[in-house]
Amino acid sequence: MGWMHEGEDAANYTPEDWNTGLCDVMAAAISRRYGLPMMGAFERLKDGSTGFLAHAFCRLPDGRMIDAAGPAPMITEEECDSGDDPDVVGFAIIDTAEDDPTLVDVRDHDIRECLEQLRPGEWLERNLDPVMEELGIMPLKAVPAPAA
């Protein structure tokens with residue numbers, strides 16, 4: 001099976017590239033790099049289950065959200081749009097993680113594989129580190145892998 005982003009140069013991605021289809025990968029990268037909690041806006045379906053992921057992002061200590069476009073006011077359930085889907089009764093803004101089954105089950109790509117292939121850390125260093133530094137948030141120090 002071929003990988004959907006194989007051969008792409010993520011170094012040249014724009015915030016819109018990350019936020020339209022790879023927002024979960026970027027949110028996981030932000031969470032890993034800065035230690036921020038990862039969140040998602042998920043559809044709430046009539047049957048009580050969780051549906052499509054509308055957007056993934058991280059929560060800043062001041063309550064705002066951050067994604068590839070930078071800090072913004074926290075998204076609200078009212079801002080999410082399900083179009084005309086009669087099975088969607090609303091949205092839920094919930095904590096999540098890159099290995100959360102709620103998130104993994106609704107994605108068409110493997111977040112960890114995308115992180116390895118796209119290496120968003122390099123993009124974050126160039127594009128979000130200066131913004132985060134202004135907020136007083138520094139990248140976490142890399143922890144060496146445990147000895148075998």
# chains A, B, ... in the order shown; residues from 1 in each chain; ligands from 1
$ residues_around --residues "A:Ala72" --least-positions-apart "4" --cutoff "12 Å" --atoms "only C-alpha atoms" --output "number ranges by chain"
A: 57-60, 62-68, 76, 131
$ select_by_dssp --residues "stretch 42-117 of chain A" --states "helix (DSSP H, G or I)" --output "JSON, numbers by chain"
{"A": [77, 78, 79, 101, 102, 103, 104, 111, 112, 113, 114, 115, 116, 117]}
$ write_last_selection --atoms "N, CA, C and O atoms" --output "PDB file, in the first residue's frame"
ATOM      1  N   GLU A  77     -18.235  24.852  19.833  1.00  0.00           N
ATOM      2  CA  GLU A  77     -19.061  23.880  19.137  1.00  0.00           C
ATOM      3  C   GLU A  77     -19.939  24.552  18.092  1.00  0.00           C
ATOM      4  O   GLU A  77     -20.214  23.989  17.036  1.00  0.00           O
ATOM      5  N   GLU A  78     -20.359  25.779  18.357  1.00  0.00           N
ATOM      6  CA  GLU A  78     -21.221  26.500  17.432  1.00  0.00           C
ATOM      7  C   GLU A  78     -20.486  26.876  16.139  1.00  0.00           C
ATOM      8  O   GLU A  78     -21.116  27.076  15.100  1.00  0.00           O
ATOM      9  N   GLU A  79     -19.177  26.998  16.192  1.00  0.00           N
ATOM     10  CA  GLU A  79     -18.405  27.379  15.005  1.00  0.00           C
ATOM     11  C   GLU A  79     -18.187  26.213  14.045  1.00  0.00           C
ATOM     12  O   GLU A  79     -17.807  26.418  12.899  1.00  0.00           O
ATOM     13  N   PRO A 101      -8.252   6.155  20.569  1.00  0.00           N
ATOM     14  CA  PRO A 101      -9.078   5.416  19.599  1.00  0.00           C
ATOM     15  C   PRO A 101     -10.144   6.283  18.935  1.00  0.00           C
ATOM     16  O   PRO A 101     -10.477   6.076  17.768  1.00  0.00           O
ATOM     17  N   THR A 102     -10.688   7.273  19.650  1.00  0.00           N
ATOM     18  CA  THR A 102     -11.692   8.166  19.062  1.00  0.00           C
ATOM     19  C   THR A 102     -11.115   8.878  17.852  1.00  0.00           C
ATOM     20  O   THR A 102     -11.796   9.070  16.851  1.00  0.00           O
ATOM     21  N   LEU A 103      -9.854   9.280  17.936  1.00  0.00           N
ATOM     22  CA  LEU A 103      -9.190   9.968  16.838  1.00  0.00           C
ATOM     23  C   LEU A 103      -8.715   8.980  15.780  1.00  0.00           C
ATOM     24  O   LEU A 103      -8.958   9.163  14.592  1.00  0.00           O
ATOM     25  N   VAL A 104      -8.058   7.929  16.210  1.00  0.00           N
ATOM     26  CA  VAL A 104      -7.481   6.958  15.274  1.00  0.00           C
ATOM     27  C   VAL A 104      -8.556   6.339  14.379  1.00  0.00           C
ATOM     28  O   VAL A 104      -8.357   6.175  13.183  1.00  0.00           O
ATOM     29  N   ILE A 111      -1.139   8.601  12.173  1.00  0.00           N
ATOM     30  CA  ILE A 111      -0.486   9.821  12.651  1.00  0.00           C
ATOM     31  C   ILE A 111       1.004   9.612  12.861  1.00  0.00           C
ATOM     32  O   ILE A 111       1.827  10.435  12.441  1.00  0.00           O
ATOM     33  N   ARG A 112       1.374   8.509  13.477  1.00  0.00           N
ATOM     34  CA  ARG A 112       2.807   8.269  13.750  1.00  0.00           C
ATOM     35  C   ARG A 112       3.598   8.131  12.456  1.00  0.00           C
ATOM     36  O   ARG A 112       4.707   8.644  12.334  1.00  0.00           O
ATOM     37  N   GLU A 113       3.020   7.442  11.472  1.00  0.00           N
ATOM     38  CA  GLU A 113       3.689   7.300  10.177  1.00  0.00           C
ATOM     39  C   GLU A 113       3.858   8.675   9.524  1.00  0.00           C
ATOM     40  O   GLU A 113       4.906   8.991   8.968  1.00  0.00           O
ATOM     41  N   CYS A 114       2.809   9.499   9.604  1.00  0.00           N
ATOM     42  CA  CYS A 114       2.895  10.851   9.039  1.00  0.00           C
ATOM     43  C   CYS A 114       3.960  11.677   9.747  1.00  0.00           C
ATOM     44  O   CYS A 114       4.706  12.422   9.102  1.00  0.00           O
ATOM     45  N   LEU A 115       4.049  11.564  11.062  1.00  0.00           N
ATOM     46  CA  LEU A 115       5.072  12.299  11.804  1.00  0.00           C
ATOM     47  C   LEU A 115       6.472  11.896  11.353  1.00  0.00           C
ATOM     48  O   LEU A 115       7.350  12.746  11.191  1.00  0.00           O
ATOM     49  N   GLU A 116       6.674  10.599  11.134  1.00  0.00           N
ATOM     50  CA  GLU A 116       7.984  10.114  10.678  1.00  0.00           C
ATOM     51  C   GLU A 116       8.294  10.587   9.263  1.00  0.00           C
ATOM     52  O   GLU A 116       9.415  10.996   8.966  1.00  0.00           O
ATOM     53  N   GLN A 117       7.310  10.523   8.382  1.00  0.00           N
ATOM     54  CA  GLN A 117       7.530  10.859   6.983  1.00  0.00           C
ATOM     55  C   GLN A 117       7.632  12.366   6.734  1.00  0.00           C
ATOM     56  O   GLN A 117       8.471  12.814   5.961  1.00  0.00           O
TER      57      GLN A 117
END
$ residues_around --residues "stretch 36-38 of chain A" --least-positions-apart "5" --cutoff "9 Å" --atoms "only C-alpha atoms" --output "CSV table (one decimal) with N, CA and C atoms, in the first residue's frame"
chain,number,residue,atom,x,y,z
A,24,ASP,N,-4.5,16.8,12.5
A,24,ASP,CA,-4.2,15.8,13.6
A,24,ASP,C,-2.7,15.6,13.7
A,27,ALA,N,-1.3,18.8,15.2
A,27,ALA,CA,-1.6,18.9,16.6
A,27,ALA,C,-0.7,17.9,17.4
A,28,ALA,N,-0.5,16.7,16.9
A,28,ALA,CA,0.4,15.7,17.6
A,28,ALA,C,1.8,16.3,17.6
A,30,ILE,N,2.7,19.5,17.6
A,30,ILE,CA,2.7,20.6,18.5
A,30,ILE,C,2.7,20.1,20.0
A,31,SER,N,1.9,19.1,20.2
A,31,SER,CA,1.8,18.5,21.5
A,31,SER,C,3.1,17.9,22.0
A,56,ALA,N,-8.3,19.3,14.6
A,56,ALA,CA,-7.5,18.9,15.7
A,56,ALA,C,-6.5,20.1,16.0
A,57,PHE,N,-6.2,20.3,17.2
A,57,PHE,CA,-5.4,21.5,17.6
A,57,PHE,C,-4.9,21.2,19.0
A,58,CYS,N,-4.1,22.2,19.6
A,58,CYS,CA,-3.7,22.1,21.0
A,58,CYS,C,-4.2,23.2,21.8
A,59,ARG,N,-4.3,23.1,23.1
A,59,ARG,CA,-4.7,24.1,24.0
A,59,ARG,C,-3.6,24.8,24.6
A,60,LEU,N,-3.5,26.1,24.5
A,60,LEU,CA,-2.5,26.9,25.1
A,60,LEU,C,-2.8,27.1,26.6
A,61,PRO,N,-1.8,27.4,27.5
A,61,PRO,CA,-2.1,27.6,28.9
A,61,PRO,C,-3.1,28.7,29.2
A,94,ILE,N,-13.2,18.1,22.7
A,94,ILE,CA,-12.7,17.2,23.7
A,94,ILE,C,-11.2,17.0,23.7
A,95,ASP,N,-10.6,16.6,24.8
A,95,ASP,CA,-9.2,16.3,24.9
A,95,ASP,C,-9.0,15.0,24.1
A,96,THR,N,-7.9,14.9,23.4
A,96,THR,CA,-7.6,13.7,22.6
A,96,THR,C,-6.1,13.5,22.7
A,97,ALA,N,-5.6,12.5,22.0
A,97,ALA,CA,-4.1,12.2,21.9
A,97,ALA,C,-3.9,11.5,20.6
A,98,GLU,N,-2.7,11.4,20.1
A,98,GLU,CA,-2.4,10.8,18.8
A,98,GLU,C,-2.8,9.3,18.8
$ residues_around --residues "A:Ala69" --least-positions-apart "5" --cutoff "12 Å" --atoms "only C-alpha atoms" --output "JSON, numbers by chain"
{"A": [13, 14, 15, 16, 17, 18, 19, 20, 23, 26, 27, 30, 57, 58, 123, 124, 127, 128, 131]}
$ write_last_selection --atoms "N, CA and C atoms" --output "compact mmCIF listing (two decimals), in the first residue's frame"
# COMPACT_ATOMS: atom_id res chain seq x y z
N TYR A 13 5.20 23.24 3.19
CA TYR A 13 3.77 23.30 3.48
C TYR A 13 3.41 24.66 4.05
N THR A 14 2.20 25.08 3.78
CA THR A 14 1.66 26.30 4.37
C THR A 14 0.81 25.89 5.58
N PRO A 15 0.46 26.83 6.45
CA PRO A 15 -0.47 26.48 7.53
C PRO A 15 -1.76 25.86 7.00
N GLU A 16 -2.24 26.35 5.88
CA GLU A 16 -3.46 25.79 5.30
C GLU A 16 -3.26 24.33 4.88
N ASP A 17 -2.08 24.01 4.34
CA ASP A 17 -1.80 22.61 3.98
C ASP A 17 -1.93 21.71 5.21
N TRP A 18 -1.36 22.15 6.32
CA TRP A 18 -1.42 21.35 7.54
C TRP A 18 -2.85 21.29 8.08
N ASN A 19 -3.55 22.41 8.02
CA ASN A 19 -4.88 22.49 8.65
C ASN A 19 -6.01 21.93 7.81
N THR A 20 -5.73 21.49 6.60
CA THR A 20 -6.76 20.88 5.77
C THR A 20 -6.37 19.45 5.44
N CYS A 23 -4.40 18.18 10.09
CA CYS A 23 -4.43 18.93 11.34
C CYS A 23 -4.13 18.04 12.53
N MET A 26 -0.33 17.73 12.71
CA MET A 26 0.25 18.95 13.24
C MET A 26 -0.04 19.09 14.73
N ALA A 27 -1.26 18.78 15.15
CA ALA A 27 -1.60 18.86 16.58
C ALA A 27 -0.73 17.91 17.39
N ILE A 30 2.73 19.50 17.58
CA ILE A 30 2.74 20.61 18.53
C ILE A 30 2.73 20.07 19.96
N PHE A 57 -6.19 20.35 17.23
CA PHE A 57 -5.37 21.49 17.62
C PHE A 57 -4.86 21.23 19.03
N CYS A 58 -4.14 22.16 19.58
CA CYS A 58 -3.67 22.06 20.96
C CYS A 58 -4.21 23.25 21.76
N TRP A 123 9.32 22.08 10.44
CA TRP A 123 8.41 23.16 10.07
C TRP A 123 8.06 23.99 11.31
N LEU A 124 7.80 23.32 12.43
CA LEU A 124 7.48 24.03 13.67
C LEU A 124 8.64 24.92 14.11
N ASN A 127 8.49 27.97 11.86
CA ASN A 127 7.26 28.75 11.79
C ASN A 127 6.57 29.05 13.12
N LEU A 128 6.62 28.13 14.08
CA LEU A 128 5.91 28.37 15.34
C LEU A 128 6.83 28.64 16.53
N VAL A 131 6.79 32.28 17.56
CA VAL A 131 5.50 32.65 18.14
C VAL A 131 5.39 32.10 19.56
$ residues_around --residues "A:Phe52" --least-positions-apart "5" --cutoff "10 Å" --atoms "only C-alpha atoms" --output "list in words"
Ala41, Phe42, Glu43, Arg44, Leu45, Ser82, Val88, Phe91, Thr102, Leu103, Asp105, Val106 and Arg107 of chain A
$ write_last_selection --atoms "all heavy atoms" --output "compact mmCIF listing (two decimals), in the first residue's frame"
# COMPACT_ATOMS: atom_id res chain seq x y z
N ALA A 41 -12.23 18.73 17.68
CA ALA A 41 -13.65 19.05 17.52
C ALA A 41 -14.26 17.91 16.71
O ALA A 41 -13.98 17.76 15.53
CB ALA A 41 -13.82 20.37 16.79
N PHE A 42 -15.05 17.08 17.38
CA PHE A 42 -15.64 15.89 16.77
C PHE A 42 -17.14 16.05 16.62
O PHE A 42 -17.81 16.64 17.48
CB PHE A 42 -15.40 14.66 17.65
CG PHE A 42 -13.99 14.21 17.72
CD1 PHE A 42 -13.14 14.70 18.70
CD2 PHE A 42 -13.49 13.28 16.82
CE1 PHE A 42 -11.82 14.27 18.78
CE2 PHE A 42 -12.18 12.84 16.89
CZ PHE A 42 -11.34 13.34 17.88
N GLU A 43 -17.69 15.49 15.53
CA GLU A 43 -19.13 15.43 15.38
C GLU A 43 -19.72 14.55 16.47
O GLU A 43 -19.13 13.53 16.84
CB GLU A 43 -19.51 14.82 14.03
CG GLU A 43 -19.18 15.66 12.83
CD GLU A 43 -19.50 14.95 11.54
OE1 GLU A 43 -19.52 13.70 11.50
OE2 GLU A 43 -19.73 15.65 10.55
N ARG A 44 -20.88 14.95 16.97
CA ARG A 44 -21.69 14.10 17.85
C ARG A 44 -22.85 13.59 17.01
O ARG A 44 -23.59 14.38 16.42
CB ARG A 44 -22.21 14.89 19.06
CG ARG A 44 -21.13 15.19 20.07
CD ARG A 44 -21.67 15.87 21.32
NE ARG A 44 -22.19 17.19 21.00
CZ ARG A 44 -23.44 17.59 21.26
NH1 ARG A 44 -24.31 16.78 21.84
NH2 ARG A 44 -23.84 18.81 20.94
N LEU A 45 -22.99 12.28 16.93
CA LEU A 45 -24.03 11.67 16.10
C LEU A 45 -25.27 11.32 16.90
O LEU A 45 -25.21 11.18 18.12
CB LEU A 45 -23.46 10.42 15.41
CG LEU A 45 -22.20 10.66 14.58
CD1 LEU A 45 -21.71 9.35 13.96
CD2 LEU A 45 -22.42 11.71 13.50
N SER A 82 -21.47 21.02 10.12
CA SER A 82 -21.64 19.66 9.60
C SER A 82 -22.34 19.65 8.26
O SER A 82 -22.68 18.60 7.75
CB SER A 82 -22.46 18.84 10.60
OG SER A 82 -23.75 19.39 10.73
N VAL A 88 -25.83 14.25 12.28
CA VAL A 88 -25.00 15.04 13.20
C VAL A 88 -25.91 15.93 14.04
O VAL A 88 -26.69 16.72 13.52
CB VAL A 88 -23.97 15.89 12.43
CG1 VAL A 88 -23.18 16.77 13.38
CG2 VAL A 88 -23.04 15.00 11.63
N PHE A 91 -21.46 19.16 17.93
CA PHE A 91 -20.03 18.90 18.01
C PHE A 91 -19.59 18.87 19.46
O PHE A 91 -20.24 19.47 20.32
CB PHE A 91 -19.24 19.98 17.25
CG PHE A 91 -19.31 19.81 15.77
CD1 PHE A 91 -20.38 20.32 15.06
CD2 PHE A 91 -18.33 19.13 15.08
CE1 PHE A 91 -20.48 20.15 13.69
CE2 PHE A 91 -18.40 18.96 13.72
CZ PHE A 91 -19.48 19.47 13.02
N THR A 102 -10.69 7.27 19.65
CA THR A 102 -11.69 8.17 19.06
C THR A 102 -11.11 8.88 17.85
O THR A 102 -11.80 9.07 16.85
CB THR A 102 -12.17 9.20 20.11
OG1 THR A 102 -12.67 8.50 21.24
CG2 THR A 102 -13.23 10.11 19.55
N LEU A 103 -9.85 9.28 17.94
CA LEU A 103 -9.19 9.97 16.84
C LEU A 103 -8.72 8.98 15.78
O LEU A 103 -8.96 9.16 14.59
CB LEU A 103 -8.01 10.79 17.36
CG LEU A 103 -7.19 11.55 16.33
CD1 LEU A 103 -8.05 12.56 15.59
CD2 LEU A 103 -6.02 12.25 17.00
N ASP A 105 -9.72 6.06 14.95
CA ASP A 105 -10.78 5.39 14.20
C ASP A 105 -11.38 6.23 13.09
O ASP A 105 -12.00 5.69 12.18
CB ASP A 105 -11.90 4.93 15.14
CG ASP A 105 -11.46 3.79 16.05
OD1 ASP A 105 -10.39 3.20 15.80
OD2 ASP A 105 -12.19 3.49 17.01
N VAL A 106 -11.24 7.56 13.15
CA VAL A 106 -11.87 8.41 12.14
C VAL A 106 -10.87 8.95 11.11
O VAL A 106 -11.25 9.68 10.21
CB VAL A 106 -12.65 9.59 12.77
CG1 VAL A 106 -13.78 9.06 13.64
CG2 VAL A 106 -11.74 10.53 13.53
N ARG A 107 -9.61 8.60 11.21
CA ARG A 107 -8.60 9.12 10.29
C ARG A 107 -8.29 8.11 9.20
O ARG A 107 -8.35 6.90 9.42
CB ARG A 107 -7.31 9.47 11.03
CG ARG A 107 -7.50 10.49 12.14
CD ARG A 107 -8.28 11.71 11.72
NE ARG A 107 -7.52 12.53 10.80
CZ ARG A 107 -8.07 13.39 9.96
NH1 ARG A 107 -9.34 13.57 9.90
NH2 ARG A 107 -7.31 14.10 9.16
